[in-house]
Each structure stands twice: as structure tokens, then as C-alpha cells.
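*Asks:* Below is the file work-v2.cif, with mmCIF, C-alpha atoms.
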data_model
#
loop_
_atom_site.group_PDB
_atom_site.id
_atom_site.type_symbol
_atom_site.label_atom_id
_atom_site.label_comp_id
_atom_site.auth_asym_id
_atom_site.auth_seq_id
_atom_site.Cartn_x
_atom_site.Cartn_y
_atom_site.Cartn_z
ATOM 1 C CA MET B 1 3.624 10.663 -5.318
ATOM 2 C CA LYS B 2 5.319 9.628 -8.521
ATOM 3 C CA ARG B 3 4.271 6.654 -10.592
ATOM 4 C CA ARG B 4 4.824 4.780 -13.765
ATOM 5 C CA GLU B 5 3.827 4.636 -17.406
ATOM 6 C CA LEU B 6 0.738 3.328 -19.229
ATOM 7 C CA PHE B 7 -1.618 3.032 -16.266
ATOM 8 C CA PRO B 8 -1.387 6.513 -14.665
ATOM 9 C CA LEU B 9 -3.606 7.118 -11.695
ATOM 10 C CA ALA B 10 -6.860 8.621 -12.838
ATOM 11 C CA ALA B 11 -7.916 11.960 -11.471
ATOM 12 C CA GLY B 12 -10.649 10.275 -9.479
ATOM 13 C CA ILE B 13 -8.244 8.237 -7.385
ATOM 14 C CA VAL B 14 -6.651 11.090 -5.476
ATOM 15 C CA ALA B 15 -6.898 11.007 -1.718
ATOM 16 C CA GLY B 16 -10.366 11.685 -0.451
ATOM 17 C CA THR B 17 -12.079 11.024 -3.752
ATOM 18 C CA ALA B 18 -15.208 8.882 -3.562
ATOM 19 C CA LEU B 19 -15.934 6.515 -6.378
ATOM 20 C CA ALA B 20 -19.672 6.849 -5.976
ATOM 21 C CA PRO B 21 -21.297 10.113 -7.149
ATOM 22 C CA ARG B 22 -22.063 12.599 -4.403
ATOM 23 C CA LEU B 23 -25.753 12.793 -5.257
ATOM 24 C CA ALA B 24 -28.632 13.941 -3.087
ATOM 25 C CA GLY B 25 -29.148 11.386 -0.354
ATOM 26 C CA ALA B 26 -25.534 10.174 -0.478
ATOM 27 C CA ALA B 27 -25.017 11.568 3.021
ATOM 28 C CA ASP B 28 -27.458 8.919 4.270
ATOM 29 C CA LYS B 29 -25.372 6.101 2.816
ATOM 30 C CA LYS B 30 -22.730 4.316 4.849
ATOM 31 C CA SER B 31 -19.153 4.794 3.656
ATOM 32 C CA LEU B 32 -16.745 1.950 2.939
ATOM 33 C CA VAL B 33 -13.146 2.990 2.349
ATOM 34 C CA LEU B 34 -9.992 1.222 1.199
ATOM 35 C CA VAL B 35 -6.817 2.969 2.403
ATOM 36 C CA THR B 36 -3.697 2.245 0.335
ATOM 37 C CA ASN B 37 -0.076 1.950 1.456
ATOM 38 C CA ALA B 38 1.220 4.028 -1.471
ATOM 39 C CA SER B 39 0.204 5.661 -4.729
ATOM 40 C CA ALA B 40 0.691 2.965 -7.355
ATOM 41 C CA ASP B 41 -0.922 1.458 -10.429
ATOM 42 C CA PHE B 42 -1.459 -1.661 -8.303
ATOM 43 C CA TRP B 43 -4.164 0.330 -6.524
ATOM 44 C CA THR B 44 -5.606 1.552 -9.812
ATOM 45 C CA ILE B 45 -6.516 -2.071 -10.487
ATOM 46 C CA ALA B 46 -7.966 -2.398 -6.967
ATOM 47 C CA ARG B 47 -10.035 0.695 -7.744
ATOM 48 C CA ARG B 48 -11.684 -1.153 -10.629
ATOM 49 C CA GLY B 49 -12.773 -3.824 -8.170
ATOM 50 C CA ILE B 50 -14.200 -1.145 -5.888
ATOM 51 C CA GLU B 51 -16.100 0.337 -8.826
ATOM 52 C CA LYS B 52 -17.650 -3.056 -9.541
ATOM 53 C CA ALA B 53 -18.644 -3.425 -5.898
ATOM 54 C CA GLN B 54 -20.179 0.056 -5.921
ATOM 55 C CA LYS B 55 -22.605 -1.004 -8.653
ATOM 56 C CA GLU B 56 -23.707 -3.901 -6.456
ATOM 57 C CA LEU B 57 -23.956 -1.861 -3.239
ATOM 58 C CA PRO B 58 -26.348 1.044 -3.954
ATOM 59 C CA ASN B 59 -26.882 1.713 -0.255
ATOM 60 C CA TYR B 60 -23.186 2.445 0.340
ATOM 61 C CA THR B 61 -20.550 4.808 -0.964
ATOM 62 C CA CYS B 62 -17.383 2.908 -1.834
ATOM 63 C CA GLU B 63 -14.165 4.917 -1.787
ATOM 64 C CA ILE B 64 -10.415 4.646 -2.050
ATOM 65 C CA GLN B 65 -7.989 6.829 -0.112
ATOM 66 C CA VAL B 66 -4.561 7.000 -1.740
ATOM 67 C CA ILE B 67 -2.061 8.177 0.840
ATOM 68 C CA SER B 68 0.380 10.903 -0.168
ATOM 69 C CA GLU B 69 3.292 9.433 1.828
ATOM 70 C CA ALA B 70 3.982 5.781 2.583
ATOM 71 C CA THR B 71 4.251 6.288 6.349
ATOM 72 C CA ALA B 72 2.385 5.178 9.429
ATOM 73 C CA ALA B 73 1.904 8.841 10.322
ATOM 74 C CA GLU B 74 0.129 9.571 7.037
ATOM 75 C CA GLN B 75 -2.112 6.536 7.408
ATOM 76 C CA ARG B 76 -2.902 7.630 10.974
ATOM 77 C CA ARG B 77 -3.925 11.069 9.711
ATOM 78 C CA VAL B 78 -6.171 9.565 7.039
ATOM 79 C CA LEU B 79 -7.780 7.139 9.478
ATOM 80 C CA ASN B 80 -8.494 9.893 12.001
ATOM 81 C CA ASP B 81 -10.157 11.913 9.242
ATOM 82 C CA LEU B 82 -12.293 8.920 8.305
ATOM 83 C CA LEU B 83 -13.361 8.397 11.908
ATOM 84 C CA THR B 84 -14.357 12.052 12.110
ATOM 85 C CA ARG B 85 -16.519 11.471 9.034
ATOM 86 C CA GLY B 86 -18.159 8.479 10.673
ATOM 87 C CA VAL B 87 -16.993 5.843 8.193
ATOM 88 C CA ALA B 88 -18.703 2.469 8.588
ATOM 89 C CA GLY B 89 -15.988 0.186 7.229
ATOM 90 C CA VAL B 90 -12.272 0.393 6.460
ATOM 91 C CA SER B 91 -9.931 -1.951 4.606
ATOM 92 C CA ILE B 92 -6.285 -0.880 4.882
ATOM 93 C CA SER B 93 -2.894 -1.995 3.633
ATOM 94 C CA ALA B 94 -0.860 -1.309 6.770
ATOM 95 C CA VAL B 95 2.488 0.373 6.125
ATOM 96 C CA ASP B 96 3.911 -0.357 9.579
ATOM 97 C CA PRO B 97 1.577 -2.683 11.502
ATOM 98 C CA LYS B 98 3.558 -2.716 14.749
ATOM 99 C CA ASN B 99 3.450 1.056 15.029
ATOM 100 C CA GLU B 100 -0.164 1.394 13.906
ATOM 101 C CA ILE B 101 -1.855 -0.922 16.383
ATOM 102 C CA ASP B 102 -3.306 1.956 18.412
ATOM 103 C CA ILE B 103 -4.978 3.733 15.503
ATOM 104 C CA LEU B 104 -6.106 0.461 13.897
ATOM 105 C CA ASN B 105 -7.754 -0.632 17.139
ATOM 106 C CA LYS B 106 -9.343 2.796 17.452
ATOM 107 C CA VAL B 107 -10.866 2.281 14.009
ATOM 108 C CA ALA B 108 -12.008 -1.219 15.001
ATOM 109 C CA GLU B 109 -13.891 0.238 17.967
ATOM 110 C CA GLN B 110 -15.904 2.583 15.757
ATOM 111 C CA ALA B 111 -16.140 0.756 12.424
ATOM 112 C CA VAL B 112 -15.576 -2.641 10.827
ATOM 113 C CA LEU B 113 -11.842 -3.013 10.187
ATOM 114 C CA PHE B 114 -10.251 -5.211 7.522
ATOM 115 C CA THR B 115 -6.669 -5.336 6.314
ATOM 116 C CA THR B 116 -5.721 -6.017 2.722
ATOM 117 C CA ASP B 117 -2.410 -6.561 0.903
ATOM 118 C CA SER B 118 -0.382 -6.067 4.110
ATOM 119 C CA ASP B 119 -1.829 -7.514 7.316
ATOM 120 C CA ALA B 120 -1.817 -6.326 10.925
ATOM 121 C CA PRO B 121 -2.670 -9.611 12.682
ATOM 122 C CA ASP B 122 -2.065 -8.201 16.172
ATOM 123 C CA SER B 123 -4.758 -5.560 15.679
ATOM 124 C CA LYS B 124 -8.497 -6.042 16.156
ATOM 125 C CA ARG B 125 -9.097 -6.339 12.436
ATOM 126 C CA VAL B 126 -11.912 -8.692 11.520
ATOM 127 C CA LEU B 127 -10.447 -10.050 8.284
ATOM 128 C CA TYR B 128 -7.325 -9.998 6.117
ATOM 129 C CA ILE B 129 -7.987 -10.058 2.376
ATOM 130 C CA GLY B 130 -5.023 -10.681 0.135
ATOM 131 C CA THR B 131 -1.988 -12.749 -0.621
ATOM 132 C CA ASP B 132 -0.313 -15.367 1.540
ATOM 133 C CA ASN B 133 2.938 -13.465 1.231
ATOM 134 C CA VAL B 134 5.124 -16.248 2.593
ATOM 135 C CA ALA B 135 3.741 -18.573 -0.078
ATOM 136 C CA ALA B 136 4.172 -15.833 -2.701
ATOM 137 C CA GLY B 137 7.768 -15.406 -1.556
ATOM 138 C CA GLU B 138 8.324 -19.139 -1.974
ATOM 139 C CA GLN B 139 6.833 -18.883 -5.464
ATOM 140 C CA CYS B 140 9.217 -16.025 -6.215
ATOM 141 C CA GLY B 141 12.098 -18.096 -4.838
ATOM 142 C CA GLY B 142 11.181 -20.879 -7.217
ATOM 143 C CA GLU B 143 11.456 -18.459 -10.143
ATOM 144 C CA ILE B 144 14.826 -17.247 -8.828
ATOM 145 C CA LYS B 145 16.137 -20.808 -8.738
ATOM 146 C CA LYS B 146 14.754 -21.439 -12.214
ATOM 147 C CA ALA B 147 16.542 -18.329 -13.530
ATOM 148 C CA LEU B 148 19.766 -19.250 -11.701
ATOM 149 C CA PRO B 149 19.960 -23.055 -11.773
ATOM 150 C CA GLN B 150 23.678 -22.975 -10.909
ATOM 151 C CA GLY B 151 23.115 -20.472 -8.116
ATOM 152 C CA GLY B 152 24.471 -16.964 -7.786
ATOM 153 C CA LYS B 153 24.381 -13.770 -5.773
ATOM 154 C CA ILE B 154 21.220 -11.667 -5.701
ATOM 155 C CA MET B 155 20.010 -8.391 -4.229
ATOM 156 C CA LEU B 156 16.459 -7.764 -2.980
ATOM 157 C CA PHE B 157 14.724 -4.381 -3.271
ATOM 158 C CA VAL B 158 11.629 -3.201 -1.376
ATOM 159 C CA GLY B 159 10.031 -0.071 0.048
ATOM 160 C CA THR B 160 10.289 -0.858 3.737
ATOM 161 C CA MET B 161 10.879 -3.948 5.816
ATOM 162 C CA GLY B 162 8.422 -2.556 8.355
ATOM 163 C CA ALA B 163 5.510 -3.833 6.265
ATOM 164 C CA ALA B 164 4.321 -7.379 6.898
ATOM 165 C CA ASN B 165 4.127 -8.259 3.214
ATOM 166 C CA ALA B 166 7.802 -7.312 2.723
ATOM 167 C CA ARG B 167 9.001 -9.360 5.682
ATOM 168 C CA GLU B 168 6.871 -12.335 4.704
ATOM 169 C CA ARG B 169 7.997 -12.299 1.055
ATOM 170 C CA VAL B 170 11.617 -12.286 2.165
ATOM 171 C CA GLU B 171 10.844 -15.140 4.568
ATOM 172 C CA GLY B 172 9.325 -17.139 1.729
ATOM 173 C CA ILE B 173 12.232 -16.460 -0.626
ATOM 174 C CA LYS B 174 14.758 -17.520 2.015
ATOM 175 C CA LYS B 175 12.774 -20.683 2.696
ATOM 176 C CA SER B 176 12.618 -21.503 -1.016
ATOM 177 C CA ILE B 177 16.308 -20.971 -1.776
ATOM 178 C CA GLN B 178 17.535 -22.776 1.345
ATOM 179 C CA GLY B 179 19.890 -25.534 0.288
ATOM 180 C CA SER B 180 20.504 -23.991 -3.133
ATOM 181 C CA LYS B 181 23.549 -22.024 -4.237
ATOM 182 C CA VAL B 182 21.576 -18.768 -4.425
ATOM 183 C CA GLU B 183 22.902 -16.198 -1.964
ATOM 184 C CA ILE B 184 21.141 -12.983 -0.899
ATOM 185 C CA ILE B 185 23.762 -10.243 -0.577
ATOM 186 C CA ASP B 186 21.434 -7.736 1.072
ATOM 187 C CA ILE B 187 17.997 -6.081 1.058
ATOM 188 C CA ARG B 188 17.874 -2.446 -0.096
ATOM 189 C CA THR B 189 14.932 -0.296 1.039
ATOM 190 C CA ASP B 190 13.759 3.022 -0.415
ATOM 191 C CA GLU B 191 10.789 4.183 1.731
ATOM 192 C CA VAL B 192 8.657 4.242 -1.447
ATOM 193 C CA ASP B 193 10.849 6.916 -3.040
ATOM 194 C CA PHE B 194 11.043 5.910 -6.688
ATOM 195 C CA ALA B 195 14.193 7.918 -7.425
ATOM 196 C CA ARG B 196 15.890 6.302 -4.444
ATOM 197 C CA ALA B 197 14.634 2.895 -5.581
ATOM 198 C CA LYS B 198 16.348 3.366 -8.930
ATOM 199 C CA ARG B 199 19.529 4.662 -7.268
ATOM 200 C CA ASN B 200 19.587 1.545 -5.104
ATOM 201 C CA VAL B 201 19.705 -0.574 -8.243
ATOM 202 C CA GLU B 202 22.287 1.650 -9.934
ATOM 203 C CA ASP B 203 24.491 1.564 -6.829
ATOM 204 C CA THR B 204 24.174 -2.218 -6.671
ATOM 205 C CA LEU B 205 25.211 -2.628 -10.299
ATOM 206 C CA THR B 206 28.214 -0.371 -9.663
ATOM 207 C CA LYS B 207 29.287 -2.042 -6.425
ATOM 208 C CA TYR B 208 28.590 -5.581 -7.642
ATOM 209 C CA PRO B 209 29.190 -5.500 -11.432
ATOM 210 C CA ASN B 210 29.034 -9.293 -11.613
ATOM 211 C CA ILE B 211 25.868 -9.701 -9.564
ATOM 212 C CA ASP B 212 23.673 -12.515 -10.878
ATOM 213 C CA GLY B 213 20.158 -11.453 -9.946
ATOM 214 C CA LEU B 214 17.993 -8.498 -8.919
ATOM 215 C CA VAL B 215 14.624 -9.061 -7.233
ATOM 216 C CA GLY B 216 11.906 -6.418 -6.799
ATOM 217 C CA LEU B 217 9.467 -7.132 -3.967
ATOM 218 C CA TRP B 218 6.989 -4.258 -4.357
ATOM 219 C CA SER B 219 5.129 -3.302 -7.506
ATOM 220 C CA TYR B 220 7.316 -0.312 -8.412
ATOM 221 C CA ASN B 221 10.670 -1.944 -7.594
ATOM 222 C CA THR B 222 10.907 -4.120 -10.686
ATOM 223 C CA PRO B 223 10.230 -1.207 -13.088
ATOM 224 C CA GLN B 224 13.093 0.689 -11.450
ATOM 225 C CA ILE B 225 15.292 -2.378 -11.873
ATOM 226 C CA VAL B 226 14.298 -2.588 -15.544
ATOM 227 C CA GLU B 227 15.171 1.052 -16.179
ATOM 228 C CA ALA B 228 18.514 0.791 -14.374
ATOM 229 C CA VAL B 229 19.444 -2.450 -16.147
ATOM 230 C CA ARG B 230 18.494 -0.994 -19.518
ATOM 231 C CA ALA B 231 20.418 2.246 -18.874
ATOM 232 C CA GLY B 232 23.471 0.301 -17.684
ATOM 233 C CA GLY B 233 23.482 -1.996 -20.689
ATOM 234 C CA LYS B 234 23.076 -5.040 -18.466
ATOM 235 C CA GLN B 235 20.283 -6.709 -20.443
ATOM 236 C CA GLY B 236 20.928 -10.437 -20.596
ATOM 237 C CA GLN B 237 23.772 -10.183 -18.067
ATOM 238 C CA VAL B 238 21.669 -10.145 -14.899
ATOM 239 C CA LYS B 239 18.502 -12.066 -14.069
ATOM 240 C CA VAL B 240 15.477 -10.056 -12.905
ATOM 241 C CA ILE B 241 12.511 -11.398 -10.941
ATOM 242 C CA GLY B 242 9.656 -9.204 -9.744
ATOM 243 C CA PHE B 243 6.298 -8.868 -8.061
ATOM 244 C CA ASP B 244 3.061 -7.531 -9.534
ATOM 245 C CA GLU B 245 1.838 -6.489 -12.943
ATOM 246 C CA ASP B 246 3.370 -3.076 -13.593
ATOM 247 C CA PRO B 247 3.315 -2.393 -17.361
ATOM 248 C CA VAL B 248 7.046 -1.666 -17.348
ATOM 249 C CA THR B 249 7.635 -5.052 -15.726
ATOM 250 C CA LEU B 250 5.418 -6.789 -18.279
ATOM 251 C CA ARG B 251 7.189 -5.023 -21.138
ATOM 252 C CA GLY B 252 10.474 -6.059 -19.534
ATOM 253 C CA ILE B 253 9.355 -9.692 -19.710
ATOM 254 C CA ALA B 254 8.357 -9.293 -23.364
ATOM 255 C CA ASP B 255 11.740 -7.667 -24.093
ATOM 256 C CA GLY B 256 13.692 -10.390 -22.304
ATOM 257 C CA ILE B 257 14.969 -8.194 -19.458
ATOM 258 C CA VAL B 258 12.709 -9.674 -16.756
ATOM 259 C CA ASP B 259 12.521 -13.449 -16.354
ATOM 260 C CA ALA B 260 9.256 -13.615 -14.403
ATOM 261 C CA THR B 261 6.984 -11.769 -12.016
ATOM 262 C CA VAL B 262 4.646 -13.032 -9.293
ATOM 263 C CA VAL B 263 1.291 -11.314 -9.727
ATOM 264 C CA GLN B 264 -1.427 -10.788 -7.151
ATOM 265 C CA GLN B 265 -5.086 -9.980 -7.800
ATOM 266 C CA PRO B 266 -5.592 -6.399 -6.585
ATOM 267 C CA PHE B 267 -8.951 -6.216 -8.404
ATOM 268 C CA GLU B 268 -10.206 -8.828 -5.949
ATOM 269 C CA PHE B 269 -8.633 -6.984 -3.023
ATOM 270 C CA GLY B 270 -10.798 -3.964 -3.816
ATOM 271 C CA TYR B 271 -13.944 -5.869 -4.749
ATOM 272 C CA GLN B 272 -13.915 -8.314 -1.857
ATOM 273 C CA SER B 273 -13.077 -5.578 0.660
ATOM 274 C CA MET B 274 -16.216 -3.616 -0.200
ATOM 275 C CA LYS B 275 -18.562 -6.598 -0.533
ATOM 276 C CA LEU B 276 -17.477 -8.293 2.684
ATOM 277 C CA LEU B 277 -17.418 -5.068 4.695
ATOM 278 C CA ALA B 278 -21.047 -4.521 3.699
ATOM 279 C CA LYS B 279 -21.973 -8.076 4.684
ATOM 280 C CA VAL B 280 -20.379 -7.740 8.122
ATOM 281 C CA ILE B 281 -22.048 -4.376 8.703
ATOM 282 C CA GLU B 282 -25.366 -6.005 7.830
ATOM 283 C CA GLY B 283 -24.760 -8.758 10.390
ATOM 284 C CA ASP B 284 -23.761 -11.649 8.126
ATOM 285 C CA LYS B 285 -21.602 -13.674 10.506
ATOM 286 C CA LEU B 286 -20.975 -16.357 7.894
ATOM 287 C CA ALA B 287 -19.100 -13.880 5.661
ATOM 288 C CA ILE B 288 -15.931 -14.219 7.749
ATOM 289 C CA PRO B 289 -13.907 -17.485 7.677
ATOM 290 C CA ALA B 290 -13.031 -19.034 11.019
ATOM 291 C CA ASN B 291 -9.349 -18.183 10.538
ATOM 292 C CA HIS B 292 -10.176 -14.560 9.600
ATOM 293 C CA LEU B 293 -8.208 -14.896 6.371
ATOM 294 C CA ASP B 294 -9.429 -14.516 2.778
ATOM 295 C CA ILE B 295 -6.405 -15.675 0.792
ATOM 296 C CA ILE B 296 -6.383 -14.790 -2.903
ATOM 297 C CA PRO B 297 -3.863 -16.855 -4.916
ATOM 298 C CA THR B 298 -0.929 -15.484 -6.876
ATOM 299 C CA ASN B 299 0.232 -16.466 -10.354
ATOM 300 C CA VAL B 300 3.490 -16.308 -12.307
ATOM 301 C CA VAL B 301 3.796 -14.313 -15.527
ATOM 302 C CA ASP B 302 6.757 -15.079 -17.770
ATOM 303 C CA LYS B 303 7.619 -15.093 -21.467
ATOM 304 C CA SER B 304 5.117 -17.878 -22.147
ATOM 305 C CA ASN B 305 2.016 -15.990 -21.017
ATOM 306 C CA VAL B 306 2.935 -12.301 -20.849
ATOM 307 C CA ALA B 307 1.123 -11.344 -24.069
ATOM 308 C CA ASP B 308 -2.170 -12.810 -22.858
ATOM 309 C CA PHE B 309 -1.721 -11.199 -19.447
ATOM 310 C CA GLN B 310 -0.992 -7.775 -20.982
ATOM 311 C CA LYS B 311 -4.176 -8.063 -23.028
ATOM 312 C CA LYS B 312 -6.140 -8.941 -19.904
ATOM 313 C CA MET B 313 -4.781 -5.921 -18.036
ATOM 314 C CA LYS B 314 -5.642 -3.566 -20.909
ATOM 315 C CA GLU B 315 -9.188 -4.905 -21.037
ATOM 316 C CA LEU B 316 -9.542 -4.642 -17.265
ATOM 317 C CA LEU B 317 -8.403 -1.030 -17.211
ATOM 318 C CA GLY B 318 -10.172 -0.004 -20.402
ATOM 319 C CA LYS B 319 -6.920 0.822 -22.176
#
How does this structure look as C-alpha cells?
*Replies:*
Amino acid sequence: MKRRELFPLAAGIVAGTALAPRLAGAADKKSLVLVTNASADFWTIARRGIEKAQKELPNYTCEIQVISEATAAEQRRVLNDLLTRGVAGVSISAVDPKNEIDILNKVAEQAVLFTTDSDAPDSKRVLYIGTDNVAAGEQCGGEIKKALPQGGKIMLFVGTMGAANARERVEGIKKSIQGSKVEIIDIRTDEVDFARAKRNVEDTLTKYPNIDGLVGLWSYNTPQIVEAVRAGGKQGQVKVIGFDEDPVTLRGIADGIVDATVVQQPFEFGYQSMKLLAKVIEGDKLAIPANHLDIIPTNVVDKSNVADFQKKMKELLGK
């Protein structure tokens, strides 16, 4: 799957690649695996968290499985392969929770199941690790209102509305802008096809030349907005709000194209997934909160703090 500049996926993050060395005796170690919902630099950062956890969990192999297609069918295939391998713990960002309940529950019967980034609350998962996406949507809505104090018409862009995090972010945005003069024209989906994501923005700028704001809800959406706005000469004419810390998004903030982005902490998604899976496997009942949620807060990056945040990301990824 295609991806962006600056933080390309390393060769070791392809599907089926273990982060721990396959040394003698590794077959005796229990496997903990994080399954992504796409191939994205967001998950490269999560991988760094998994690498940290691996150093602290010598009796386990900690892995990441990057799916080749952002579909429930592809996740089902990966999960069945993991069950065949006898994986001990899985943390997954569910692409389409409603249509994955059967396979998720199958995993839960044979291994410890967590969700991360995108929840599947109706499954038998033990814990969700990640963002409160409704709250993050409200935070995003606050930035939209700040960028458009007099109101205006906006378009939202996301991979699929089948994912819980997409629906919840939209819910939060709608809640935040209620009573304001901000109006959502529509939500354009792209099924995690980056070319289609960019076309969605280009088509929007053509159909609505006076549109006031463009909002990207998944990590790759805002970079596609940035490229389309730049190519169309719309810098300064349309407000852009995003999610996550894509380098193109951060550069867009520095260049004045993007007003702000709501960033999650994918490093913690990866790290906490591995550490807590191991604790549950080892029988630590106190590792899981009573509400089965491990909420990791989001932050806003804008012109005031983008330089410091870019430096932090470079240090984190060894760039």
C-alpha cells in the first residue's frame, strides 16, 4: 500500500515481520501481535513502542502485522493465520467492527484479545487501548470553530465510515459545532486509497470553489488535502484541520496551509498493547481497568508548537 514522505515504512514492518530476532529458542516464546488497519506512518510510530516493549519482554516475541488492504476480509485472513500459528495475544485496530465480530470472538477464545486505535466494543475483547475518539472529534471541532469563527461550509474526508474511530470522530465534531454557523456539506470516503483520497479533495474544490474548510479524519487524509490545496493554488483561501502527525501535515502547518491537527500517541498504542497483553497472559488481573478502557489523551499541534513537535518526531523515529 502506498504511503507518504519522510517516514517511509521500514523494511521490517511488512506483514508477517517479527520485531524480535528469530533466534534459537524463539519458537518457545509466546507471540504478541499488533494488527494494523492500514499501512501508514502512524503505525511506524506504534512500531517504535513495540520495539521498546520487546526489550522489556525477553520471554515474548512482539510483532506488528501491517495489512495489505484496509478491509475486514484482509484482517480476517491475517487473524486466521495468527491463530494457526498459535499466537498468545492480539491487539487490533478493527477496520469494520460490526462485520468482524465472529473472527474477533474466535481470536478471543484462543488468545488474549485487545483492540487499539479503533474499538470493537461488542466483541469479547478484554481491553481497548487508544483515543476517546468522540472527545478527539470534539477537540477537532474546537479547532474548526477557531479557524472559522464566523462559520462556514466544510467537507470531511476519511477512509471508511465503517470504522468506529471514524464514526466517533464525526460524532464529536458534530457535537462540538452544534449551535455554531459551521455546516458540514458531506463526508467523502476513499477506502484507504490514497489516489482516491486526493481526488475527493480535488473534486470538492472544483464543485465547491468557495468552500471554507477541509477536514481530514485519518492520518493520510490531511496530507492529501495539503497536496490538493497546494496544487490548486488555494493556500490561504481554505482552512484545513487534520488528525495525526504525518510529516506532510506538520510541514503544512509550518507553511501556513494547515491550521491545526489533533495528534494521538501511537507509540503508546504499540507499547501498552504489548506490555498489557503480557500481564494478562501472566494472570495479572489488576492490569485491566474496570471499564476495560485504557484511554490515551490527544493533543493539538498548531503554528505555536509545530517546530518542537517535529523535532520530537524526528528524535522518536531516529531521523
*Asks:* Can you spell out as a ChimeraX atom specification the set of residues that the PyMOL selection byres ((chain B and resi 237-240) around 12) selects in the structure I just provided?
*Replies:* /B:140-141,143-149,151-157,201,204-205,208-217,221-230,232-236,241-243,249-250,252-253,256-262,302
*Asks:* Just the number, please: distance in Å from CA of Leu83 in chain B to CA of Asp119 in chain B, one decimal.
*Replies:*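 Result for CA of Leu83 in chain B versus CA of Asp119 in chain B: 20.2 Å, one decimal.
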*Asks:* Can you report as AutoDock Vina command-line options the centre and edge lengths in Å, to one decimal, of an axis-aligned box around the listed atoms of range 55-71 of chain B padded with 5 Å on each side?
*Replies:*
--center_x -11.3 --center_y 3.5 --center_z -1.2 --size_x 41.1 --size_y 24.8 --size_z 25.0
*Asks:* Compare B:Ala163, B:Glu63, B:Ala136, B:Leu79 by their minimum atom-to-atom distance to Val263 in chain B, counting all atoms listed in the file, and give me the closest one.
*Replies:*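 Answer, going by the shortest atom-to-atom distance: B:Ala136.
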*Asks:* Skip Ala53 in chain B itself and residues of its chain fewer than 6 positions away, then list as a list in words all residues within 12 Å of it, counting only C-alpha atoms.
*Replies:*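 Near neighbours after the sequence-gap exclusion: Leu19, Ala20, Leu32, Val33, Ala46, Arg47, Asn59, Tyr60, Thr61, Cys62, Glu63, Phe267, Glu268, Phe269, Gly270, Tyr271, Gln272, Ser273, Met274, Lys275, Leu276, Leu277 and Ala278 of chain B.
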*Asks:* Which of these residues is nearest to Glu282 in chain B, using all atoms listed in the file: B:Glu74, B:Val112, B:Arg188, B:Lys124?
*Replies:* B:Val112
*Asks:* Set the distance at 12 Å and use all atoms listed in the file: which residues neighbour Arg167 in chain B once local chain neighbours fewer than 3 positions away are removed? I'd like the list as a list in words.
*Replies:* Val95, Asp96, Pro97, Ser118, Asp119, Asp132, Asn133, Val134, Ala136, Gly137, Leu156, Phe157, Val158, Gly159, Thr160, Met161, Gly162, Ala163, Ala164, Val170, Glu171, Gly172, Ile173, Lys174, Ile187, Thr189, Leu217 and Trp218 of chain B
*Asks:* Calculate how many Å separate CA of Gly49 in chain B from CA of Lys98 in chain B, rounding to one decimal.
*Replies:*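 A separation of 28.2 Å between them.
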*Asks:* As an exercise, work out the distance from CA of Val35 in chain B to CA of Asp117 in chain B in Å and give it to one decimal place.
*Replies:*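 Value for the CA of Val35 in chain B-CA of Asp117 in chain B distance: 10.6 Å.
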*Asks:* Nearest residue to Ser219 in chain B out of B:Asn291, B:Ser39, B:Ser31, B:Ser123, using all atoms listed in the file?
*Replies:*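 Closest residue, counting all atoms listed in the file: B:Ser39.
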